[in-house]
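S.K.: run23.txt is the file, holding compact mmCIF, C-alpha atoms:
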```
# COMPACT_ATOMS: atom_id res chain seq x y z
CA MET A 3 10.47 5.62 20.14
CA ALA A 4 12.78 6.85 22.87
CA ASN A 5 12.41 6.26 26.60
CA LEU A 6 14.29 8.95 28.45
CA LEU A 7 14.47 8.94 32.23
CA THR A 8 16.45 11.77 33.70
CA LEU A 9 15.99 10.70 37.29
CA ILE A 10 16.99 7.25 38.40
CA SER A 11 14.00 5.90 40.27
CA ASP A 12 14.13 3.52 43.19
CA LYS A 13 10.54 2.45 42.44
CA GLY A 14 11.08 0.53 39.24
CA LEU A 15 10.12 1.74 35.79
CA GLU A 16 6.35 1.53 36.18
CA SER A 17 5.97 4.95 37.81
CA SER A 18 7.50 6.66 34.76
CA MET A 19 6.74 4.26 31.91
CA GLY A 20 3.36 2.90 32.99
CA PHE A 21 2.31 -0.31 31.24
CA PHE A 22 5.65 -0.65 29.45
CA GLY A 23 7.57 -0.38 32.71
CA GLN A 24 5.77 -3.08 34.65
CA ALA A 25 8.10 -5.38 36.57
CA LYS A 26 5.93 -8.35 35.59
CA GLY A 27 6.67 -7.58 31.93
CA HIS A 28 4.40 -6.92 28.99
CA THR A 29 3.89 -7.77 25.34
CA ASP A 30 3.64 -5.32 22.45
CA GLU A 31 0.50 -6.60 20.79
CA GLY A 32 0.61 -3.91 18.10
CA ASP A 33 3.86 -5.32 16.70
CA ASP A 34 3.93 -7.40 13.56
CA GLU A 35 4.82 -11.08 13.83
CA ALA A 36 7.37 -10.82 11.04
CA GLY A 37 9.02 -7.69 12.41
CA LEU A 38 11.64 -7.62 15.14
CA THR A 39 12.31 -4.91 17.69
CA CYS A 40 15.77 -3.40 18.10
CA MET A 41 16.36 -1.69 21.43
CA ILE A 42 19.53 0.38 21.82
CA SER A 43 20.77 1.49 25.20
CA ASN A 44 22.32 4.93 25.03
CA SER A 45 22.26 5.74 28.73
CA ARG A 46 24.71 8.05 30.43
CA LEU A 47 25.48 6.66 33.85
CA PRO A 48 28.39 6.88 36.29
CA ASN A 49 30.62 3.81 36.02
CA ASN A 50 29.70 2.44 39.43
CA TYR A 51 25.95 2.36 38.72
CA GLU A 52 24.00 -0.80 37.98
CA CYS A 53 22.91 -0.23 34.36
CA GLY A 54 19.54 -1.96 34.60
CA ARG A 55 18.59 -5.23 32.95
CA PHE A 56 16.26 -6.20 30.16
CA HIS A 57 14.48 -9.52 30.62
CA LEU A 58 13.10 -11.82 27.96
CA PHE A 59 10.83 -14.02 30.03
CA GLY A 60 10.14 -16.77 27.50
CA ALA A 61 13.82 -17.25 26.71
CA GLY A 62 14.76 -17.11 30.40
CA MET A 63 17.52 -14.59 29.81
CA TYR A 64 18.39 -10.98 30.43
CA VAL A 65 20.65 -8.38 28.88
CA ILE A 66 22.72 -5.99 31.00
CA LEU A 67 21.91 -2.60 29.53
CA LYS A 68 25.38 -1.17 29.21
CA PRO A 69 25.52 1.93 27.01
CA LYS A 70 25.73 1.16 23.26
CA THR A 71 24.13 -2.25 23.76
CA ALA A 72 21.55 -3.38 21.17
CA SER A 73 18.97 -6.07 21.87
CA ILE A 74 17.02 -7.59 18.98
CA PHE A 75 13.89 -9.50 19.92
CA SER A 76 10.20 -9.95 19.17
CA GLY A 77 7.98 -7.58 21.14
CA LEU A 78 5.22 -10.18 21.05
CA GLY A 79 7.10 -12.28 23.61
CA LYS A 80 6.82 -11.14 27.21
CA HIS A 81 9.60 -8.76 28.18
CA GLY A 82 10.39 -6.08 30.73
CA GLY A 83 13.22 -4.10 32.28
CA THR A 84 14.62 -2.83 35.54
CA PRO A 85 15.89 0.69 36.13
CA ALA A 86 19.45 1.81 36.60
CA ILE A 87 20.42 1.78 40.27
CA ALA A 88 22.89 3.94 42.14
CA PRO A 89 25.34 2.21 44.54
CA LYS A 90 24.01 1.55 48.00
CA GLY A 91 24.02 4.69 50.16
CA VAL A 92 24.66 7.01 47.22
CA SER A 93 22.01 9.54 46.19
CA PRO A 94 21.19 9.19 42.48
CA SER A 95 22.99 11.82 40.43
CA LYS A 96 20.84 14.32 38.57
CA ASP A 97 23.15 13.87 35.58
CA ALA A 98 22.45 10.17 35.34
CA VAL A 99 20.23 9.50 32.35
CA ARG A 100 18.70 6.25 31.18
CA LEU A 101 17.99 6.49 27.44
CA MET A 102 16.57 3.61 25.44
CA ILE A 103 15.95 3.91 21.69
CA VAL A 104 13.34 1.41 20.53
CA LEU A 105 12.90 0.63 16.83
CA TYR A 106 9.92 -1.61 16.15
CA GLY A 107 7.70 -2.78 13.31
CA PRO A 108 4.06 -1.92 13.98
CA LYS A 109 1.47 -4.19 12.43
CA ALA A 110 -0.34 -1.07 11.21
CA ALA A 111 2.63 -0.30 8.96
CA LEU A 112 3.61 -3.80 7.85
CA SER A 113 0.31 -5.73 7.70
CA PRO A 114 -2.46 -3.16 7.60
CA ASP A 115 -5.42 -5.53 7.36
CA GLY A 116 -7.28 -4.07 10.31
CA THR A 117 -5.44 -0.99 11.45
CA SER A 118 -3.90 1.52 9.10
CA MET A 119 -1.59 4.48 9.23
CA PRO A 120 -3.05 7.43 7.31
CA LEU A 121 -1.47 8.11 3.92
CA ALA A 122 -1.92 11.88 4.12
CA SER A 123 -4.03 14.68 5.52
CA LEU A 124 -7.06 16.03 3.67
CA PRO A 125 -7.99 19.72 3.50
CA ASN A 126 -10.73 19.41 6.09
CA GLY A 127 -8.29 18.02 8.62
CA THR A 128 -9.37 14.41 8.34
CA PRO A 129 -6.81 11.72 7.53
CA LEU A 130 -6.77 9.93 4.18
CA VAL A 131 -6.72 6.27 5.09
CA LEU A 132 -6.32 3.56 2.49
CA GLY A 133 -8.29 0.64 3.85
CA PRO A 134 -7.61 -3.00 3.05
CA GLU A 135 -10.05 -2.94 0.13
CA ILE A 136 -7.70 -0.48 -1.56
CA THR A 137 -4.28 -1.73 -0.53
CA ASN A 138 -4.72 -5.49 -0.52
CA PRO A 139 -3.63 -7.24 -3.66
CA MET B 2 -40.75 16.00 -2.27
CA VAL B 3 -38.71 12.92 -1.51
CA LEU B 4 -36.17 11.82 -4.10
CA PRO B 5 -34.59 8.39 -3.80
CA LEU B 6 -30.84 8.52 -4.28
CA THR B 7 -28.91 5.36 -4.85
CA ILE B 8 -25.18 5.42 -4.15
CA ILE B 9 -22.73 2.59 -4.38
CA ILE B 10 -20.26 2.14 -1.55
CA PHE B 11 -17.14 0.33 -2.65
CA SER B 12 -16.07 -1.27 0.58
CA GLY B 13 -15.59 -4.60 2.26
CA GLN B 14 -16.98 -5.60 5.62
CA HIS B 15 -13.68 -4.96 7.31
CA GLN B 16 -13.64 -2.54 10.20
CA ASN B 17 -10.60 -0.36 9.87
CA THR B 18 -9.12 1.69 12.67
CA ILE B 19 -6.46 4.36 12.47
CA THR B 20 -3.25 4.41 14.47
CA GLY B 21 -1.56 7.46 15.87
CA HIS B 22 1.89 6.29 14.77
CA GLY B 23 2.19 8.94 12.11
CA VAL B 24 1.22 9.86 8.57
CA TRP B 25 3.05 8.14 5.71
CA SER B 26 3.40 11.21 3.50
CA HIS B 27 4.59 13.51 6.27
CA ASP B 28 6.51 11.29 8.66
CA ALA B 29 7.93 8.30 6.77
CA HIS B 30 11.11 10.12 5.73
CA VAL B 31 12.31 9.58 9.30
CA VAL B 32 12.67 5.85 8.74
CA MET B 33 12.84 5.57 4.94
CA GLN B 34 15.24 6.61 2.22
CA ASP B 35 13.86 9.23 -0.16
CA VAL B 36 13.56 6.80 -3.05
CA SER B 37 11.71 4.27 -0.87
CA HIS B 38 9.40 7.01 0.34
CA ILE B 39 8.47 8.17 -3.17
CA LYS B 40 7.96 4.54 -4.17
CA LEU B 41 5.59 4.00 -1.25
CA ILE B 42 3.61 7.16 -1.96
CA THR B 43 3.31 6.54 -5.70
CA MET B 44 2.19 2.94 -5.09
CA SER B 45 -0.44 4.24 -2.69
CA LEU B 46 -1.61 6.77 -5.29
CA LEU B 47 -1.71 4.02 -7.89
CA GLN B 48 -3.88 1.86 -5.64
CA THR B 49 -6.16 4.82 -4.94
CA CYS B 50 -6.53 5.60 -8.66
CA SER B 51 -7.29 1.96 -9.40
CA TYR B 52 -9.87 1.90 -6.62
CA ILE B 53 -11.63 4.92 -8.10
CA THR B 54 -11.47 3.86 -11.76
CA ASN B 55 -12.84 0.44 -10.79
CA GLN B 56 -16.04 2.22 -9.82
CA MET B 57 -16.60 3.34 -13.40
CA HIS B 58 -18.85 1.38 -15.72
CA THR B 59 -16.19 1.52 -18.41
CA PRO B 60 -13.22 -0.76 -17.74
CA VAL B 61 -10.10 1.35 -17.34
CA THR B 62 -6.56 0.10 -17.89
CA ILE B 63 -3.69 1.71 -16.03
CA ASP B 64 -0.14 1.28 -17.30
CA VAL B 65 1.63 0.93 -13.97
CA ASN B 66 5.09 1.84 -15.24
CA LYS B 67 3.92 4.93 -17.11
CA PHE B 68 2.12 6.03 -13.98
CA MET B 69 5.18 5.48 -11.79
CA GLU B 70 7.49 7.10 -14.36
CA SER B 71 5.60 10.37 -14.12
CA PHE B 72 6.88 10.89 -10.58
CA SER B 73 10.45 11.79 -9.73
CA ILE B 74 12.57 13.35 -7.03
CA LYS B 75 15.93 15.09 -7.16
CA ALA B 76 18.67 13.04 -5.57
CA ASP B 77 22.40 13.66 -5.97
CA GLY B 78 21.66 15.99 -8.87
CA ARG B 79 19.67 13.36 -10.76
CA ASN B 80 16.00 12.80 -11.42
CA VAL B 81 15.15 9.57 -9.66
CA HIS B 82 11.93 7.74 -10.49
CA PRO B 83 10.25 4.90 -8.63
CA PRO B 84 11.48 1.57 -10.03
CA SER B 85 9.76 0.00 -13.02
CA TRP B 86 7.95 -3.30 -12.66
CA ASN B 87 8.24 -6.32 -14.92
CA ALA B 88 6.39 -9.56 -14.28
CA GLY B 89 8.27 -12.85 -14.44
CA GLU B 90 6.88 -16.20 -15.56
CA ASP B 91 6.12 -17.32 -12.01
CA ASP B 92 4.37 -14.09 -10.98
CA SER B 93 7.57 -12.88 -9.43
CA VAL B 94 8.39 -9.29 -10.17
CA THR B 95 11.63 -7.76 -11.36
CA PHE B 96 12.34 -4.17 -10.46
CA TYR B 97 14.31 -2.01 -12.82
CA PRO B 98 16.39 0.32 -10.69
CA THR B 99 15.74 4.00 -10.57
CA ALA B 100 17.56 5.93 -13.27
CA ASP B 101 17.79 9.31 -14.91
CA VAL B 102 16.02 8.10 -18.01
CA ILE B 103 13.83 5.05 -18.09
CA SER B 104 13.05 3.52 -21.43
CA LEU B 105 9.97 1.40 -21.02
CA SER B 106 9.42 0.55 -24.67
CA PRO B 107 11.04 -2.91 -24.56
CA LEU B 108 8.94 -3.91 -21.61
CA LYS B 109 5.50 -5.41 -21.89
CA PRO B 110 2.92 -3.04 -20.36
CA PHE B 111 2.53 -3.85 -16.69
CA THR B 112 -1.14 -3.55 -15.82
CA MET B 113 -3.00 -3.47 -12.53
CA GLU B 114 -3.85 -7.14 -13.05
CA ASP B 115 -0.12 -7.94 -13.23
CA TYR B 116 0.43 -5.70 -10.23
CA SER B 117 -2.26 -7.45 -8.16
CA ARG B 118 -1.01 -10.91 -9.14
CA CYS B 119 2.57 -10.11 -8.12
CA ARG B 120 1.47 -8.45 -4.91
CA ARG B 121 -0.58 -11.49 -3.95
CA VAL B 122 2.53 -13.65 -4.30
CA GLU B 123 4.46 -11.23 -2.10
CA ALA B 124 1.61 -11.13 0.44
CA ILE B 125 1.68 -14.92 0.74
CA ARG B 126 5.46 -14.81 1.26
CA TRP B 127 4.97 -12.24 4.02
CA ILE B 128 2.31 -14.33 5.81
CA ASN B 129 4.60 -17.37 5.59
CA LEU B 130 7.39 -15.32 7.15
CA GLN B 131 5.03 -14.17 9.92
CA GLU B 132 4.10 -17.77 10.66
CA LYS B 133 7.74 -18.92 10.76
CA ARG B 134 8.85 -16.07 13.03
CA ALA B 135 5.83 -16.44 15.33
CA SER B 136 6.48 -20.17 15.71
CA ILE B 137 9.57 -19.47 17.83
CA ILE B 138 8.03 -16.70 19.96
CA PRO B 139 6.58 -17.92 23.26
CA ARG B 140 3.13 -16.32 23.46
CA LEU B 141 0.18 -16.89 25.73
CA LYS B 142 -2.27 -16.73 22.85
CA PRO B 143 -0.37 -17.71 19.72
CA VAL B 144 -1.96 -17.31 16.31
CA THR B 145 -3.06 -20.76 15.19
CA PRO B 146 -2.03 -22.37 11.89
CA GLU B 147 -5.69 -22.17 10.87
CA GLU B 148 -5.68 -18.40 11.30
CA TYR B 149 -2.58 -18.07 9.13
CA GLN B 150 -4.30 -20.20 6.51
CA GLU B 151 -7.32 -17.89 6.72
CA ARG B 152 -5.01 -14.95 6.01
CA ARG B 153 -3.62 -16.75 2.96
CA ASP B 154 -7.13 -17.63 1.81
CA ALA B 155 -8.19 -13.98 2.20
CA VAL B 156 -5.34 -12.89 -0.07
CA ASN B 157 -6.15 -15.49 -2.72
CA SER B 158 -9.91 -15.06 -2.53
CA ASN B 159 -11.81 -12.80 -4.87
CA SER B 160 -14.43 -12.07 -2.22
CA GLY B 161 -14.48 -11.63 1.54
CA PRO B 162 -13.78 -8.83 3.95
CA LEU B 163 -10.56 -7.67 2.29
CA ARG B 164 -12.16 -7.30 -1.13
CA ARG B 165 -13.97 -4.26 -2.38
CA LYS B 166 -17.49 -4.63 -3.60
CA GLY B 167 -20.24 -2.36 -4.71
CA ILE B 168 -23.05 -2.14 -2.21
CA LYS B 169 -26.18 -0.36 -3.37
CA VAL B 170 -27.52 1.90 -0.68
CA GLN B 171 -30.74 3.82 -1.16
CA LEU B 172 -30.92 7.14 0.59
CA LEU B 173 -33.96 9.35 0.83
CA TRP B 174 -33.08 12.83 -0.26
CA LEU B 175 -35.51 15.36 1.17
CA ASN B 176 -36.05 18.26 -1.19
CA HIS B 177 -38.36 21.11 -0.18
CA HIS B 178 -40.11 23.13 -2.86
CA TYR B 179 -42.04 26.20 -1.86
```
Output the file's structure in the form of C-alpha cells.

M.R.:
Amino acid sequence: MANLLTLISDKGLESSMGFFGQAKGHTDEGDDEAGLTCMISNSRLPNNYECGRFHLFGAGMYVILKPKTASIFSGLGKHGGTPAIAPKGVSPSKDAVRLMIVLYGPKAALSPDGTSMPLASLPNGTPLVLGPEITNP
Amino acid sequence: MVLPLTIIIFSGQHQNTITGHGVWSHDAHVVMQDVSHIKLITMSLLQTCSYITNQMHTPVTIDVNKFMESFSIKADGRNVHPPSWNAGEDDSVTFYPTADVISLSPLKPFTMEDYSRCRRVEAIRWINLQEKRASIIPRLKPVTPEEYQERRDAVNSNSGPLRRKGIKVQLLWLNHHY
C-alpha cells in the first residue's frame, strides 16, 4: 500500500487519509498478530521542511519520517502520524510530496480462519474462495 | 410432481468472508517469487482436489509429490517444480529443493494424511508465534491465552467449525409434467 500526498496539508492527515490519518491514532485490526508492518518513507520534501512524525503510542516513541527511513512495528498497536509541514510563513510547495510505502501482513493472507483472499476467478465472475474447511490442516 | 433431492454439503459452521486485498493467482506475484507462487497455487489445488475426492464414497489416495511434480515453471532456462515433501519422525517436514529433474522413487509416498499431520504441526507453531508476538503489543482488547488455546484445539480437533463435514440437506425439486 502506498500513501501519496502531493499537497502538504495544514489540517493533519485525516482530511486525506480518513481513518488511517486520525491524529488520535488507530489500529490495523485486519493485520495478523505474527506479522509485522514495514513502513518506508520515500517523501520528496525541501530540506527546510518538517518531515512529519510517526507515533507509536504504546511504546511512547516517535520516528522522524526522513526520506529513506523504515519503521518496523505491529499495526495492532495504536499508531498514527503527522503531516509534513512547511516552514512558518512559507506557502507549501506544489512539488513537495509525502510518500509512504506500507508493507503489512493481513490476517486474511496469513491466518485465513475467518476471512480469505480468493484463490482465483471463476468463469461466471465469482471468486473461488478456499474456506477453512479446505485449507486447514 | 415433487421429487425429494438430497445433497450433501461439505462445510463447517464457519462463516467465511472475502477480502478485497487481491486474488492469489493473479496478484501474488507482486509480493512472491515465482517458485513460491507456483508452490502456493499447487498446494491450494491439492487441497481443493482432496476436498472433492473426500466427498466420494470410495477412499481416494493422493500422492502429494507426484501431484506437485506435475507442475512446473520456466525459470532461468530450467524447469522448476514445487518442492517435494518428506515427513520426518517428529511430523516435521523436509523439503527437497526445486530441481530440473526430481527423482521421487527413494522417497516414501507422501499422502494427504502425512500432509495434514505436518501442516497441523506448522499451524501450532504459527499460533505460538502469534501469541508470543502479541504478548508484547499493547492492545486495548488483547487476545486472551484461552483464545489462543482454542485456536490450537481447533487445529488438533477432528471436529468443530474448521472441519469439513457432510450435512444432508433435503431439497424439494418441483418437476412439472404436462

S.K.: Just the residues within 6 Å of region 120-133 of chain A, please, counting only C-alpha atoms, with nothing from its chain fewer than 3 positions along; format it as a ChimeraX atom specification.

M.R.: /A:136 /B:24-26

S.K.: Under the rule that all atoms listed in the file are counted, which of A:Thr84, A:Thr71, A:Ser113, A:Ser95 is the nearest residue to Ser43 (chain A)?

M.R.: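 Nearest to Ser43 (chain A): A:Thr71.
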
S.K.: Report, in Å with one decimal, the straight-line distance from CA of Phe59 (chain A) to CA of Phe75 (chain A).

M.R.: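 It comes out at 11.5 Å.
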
S.K.: Would you list which chain A residues are within 12 Å of chain B using all atoms listed in the file, as an MDAnalysis selection string?

M.R.: chainID A and resid 3 28:38 58:62 75:81 105:124 128:139

S.K.: Those residues with C-alpha atoms, as a short mmCIF file (atom, residue, chain, number, x, y, z; two decimals), in the frame of the given file please?

M.R.:
```cif
data_model
loop_
_atom_site.label_atom_id
_atom_site.label_comp_id
_atom_site.auth_asym_id
_atom_site.auth_seq_id
_atom_site.Cartn_x
_atom_site.Cartn_y
_atom_site.Cartn_z
CA MET A 3 10.47 5.62 20.14
CA HIS A 28 4.40 -6.92 28.99
CA THR A 29 3.89 -7.77 25.34
CA ASP A 30 3.64 -5.32 22.45
CA GLU A 31 0.50 -6.60 20.79
CA GLY A 32 0.61 -3.91 18.10
CA ASP A 33 3.86 -5.32 16.70
CA ASP A 34 3.93 -7.40 13.56
CA GLU A 35 4.82 -11.08 13.83
CA ALA A 36 7.37 -10.82 11.04
CA GLY A 37 9.02 -7.69 12.41
CA LEU A 38 11.64 -7.62 15.14
CA LEU A 58 13.10 -11.82 27.96
CA PHE A 59 10.83 -14.02 30.03
CA GLY A 60 10.14 -16.77 27.50
CA ALA A 61 13.82 -17.25 26.71
CA GLY A 62 14.76 -17.11 30.40
CA PHE A 75 13.89 -9.50 19.92
CA SER A 76 10.20 -9.95 19.17
CA GLY A 77 7.98 -7.58 21.14
CA LEU A 78 5.22 -10.18 21.05
CA GLY A 79 7.10 -12.28 23.61
CA LYS A 80 6.82 -11.14 27.21
CA HIS A 81 9.60 -8.76 28.18
CA LEU A 105 12.90 0.63 16.83
CA TYR A 106 9.92 -1.61 16.15
CA GLY A 107 7.70 -2.78 13.31
CA PRO A 108 4.06 -1.92 13.98
CA LYS A 109 1.47 -4.19 12.43
CA ALA A 110 -0.34 -1.07 11.21
CA ALA A 111 2.63 -0.30 8.96
CA LEU A 112 3.61 -3.80 7.85
CA SER A 113 0.31 -5.73 7.70
CA PRO A 114 -2.46 -3.16 7.60
CA ASP A 115 -5.42 -5.53 7.36
CA GLY A 116 -7.28 -4.07 10.31
CA THR A 117 -5.44 -0.99 11.45
CA SER A 118 -3.90 1.52 9.10
CA MET A 119 -1.59 4.48 9.23
CA PRO A 120 -3.05 7.43 7.31
CA LEU A 121 -1.47 8.11 3.92
CA ALA A 122 -1.92 11.88 4.12
CA SER A 123 -4.03 14.68 5.52
CA LEU A 124 -7.06 16.03 3.67
CA THR A 128 -9.37 14.41 8.34
CA PRO A 129 -6.81 11.72 7.53
CA LEU A 130 -6.77 9.93 4.18
CA VAL A 131 -6.72 6.27 5.09
CA LEU A 132 -6.32 3.56 2.49
CA GLY A 133 -8.29 0.64 3.85
CA PRO A 134 -7.61 -3.00 3.05
CA GLU A 135 -10.05 -2.94 0.13
CA ILE A 136 -7.70 -0.48 -1.56
CA THR A 137 -4.28 -1.73 -0.53
CA ASN A 138 -4.72 -5.49 -0.52
CA PRO A 139 -3.63 -7.24 -3.66
#
```

S.K.: Grab the CA of Trp86 (chain B) to CA of Thr59 (chain B) distance for me, in Å with one decimal place.

M.R.: 25.3 Å

S.K.: CA of Gly82 (chain A) and CA of Lys26 (chain A) are how many Å apart?

M.R.: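 Computed distance, CA of Gly82 (chain A) to CA of Lys26 (chain A), equals 7.0 Å.
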
S.K.: Would you list the residues near (22.2, -0.1, 34.7), meaning any protein, DNA or RNA residue with an atom at most 10 Å from that point in file coordinates, counting only C-alpha atoms, as a ChimeraX atom specification?

M.R.: /A:10,43,45-56,66-69,84-88,100
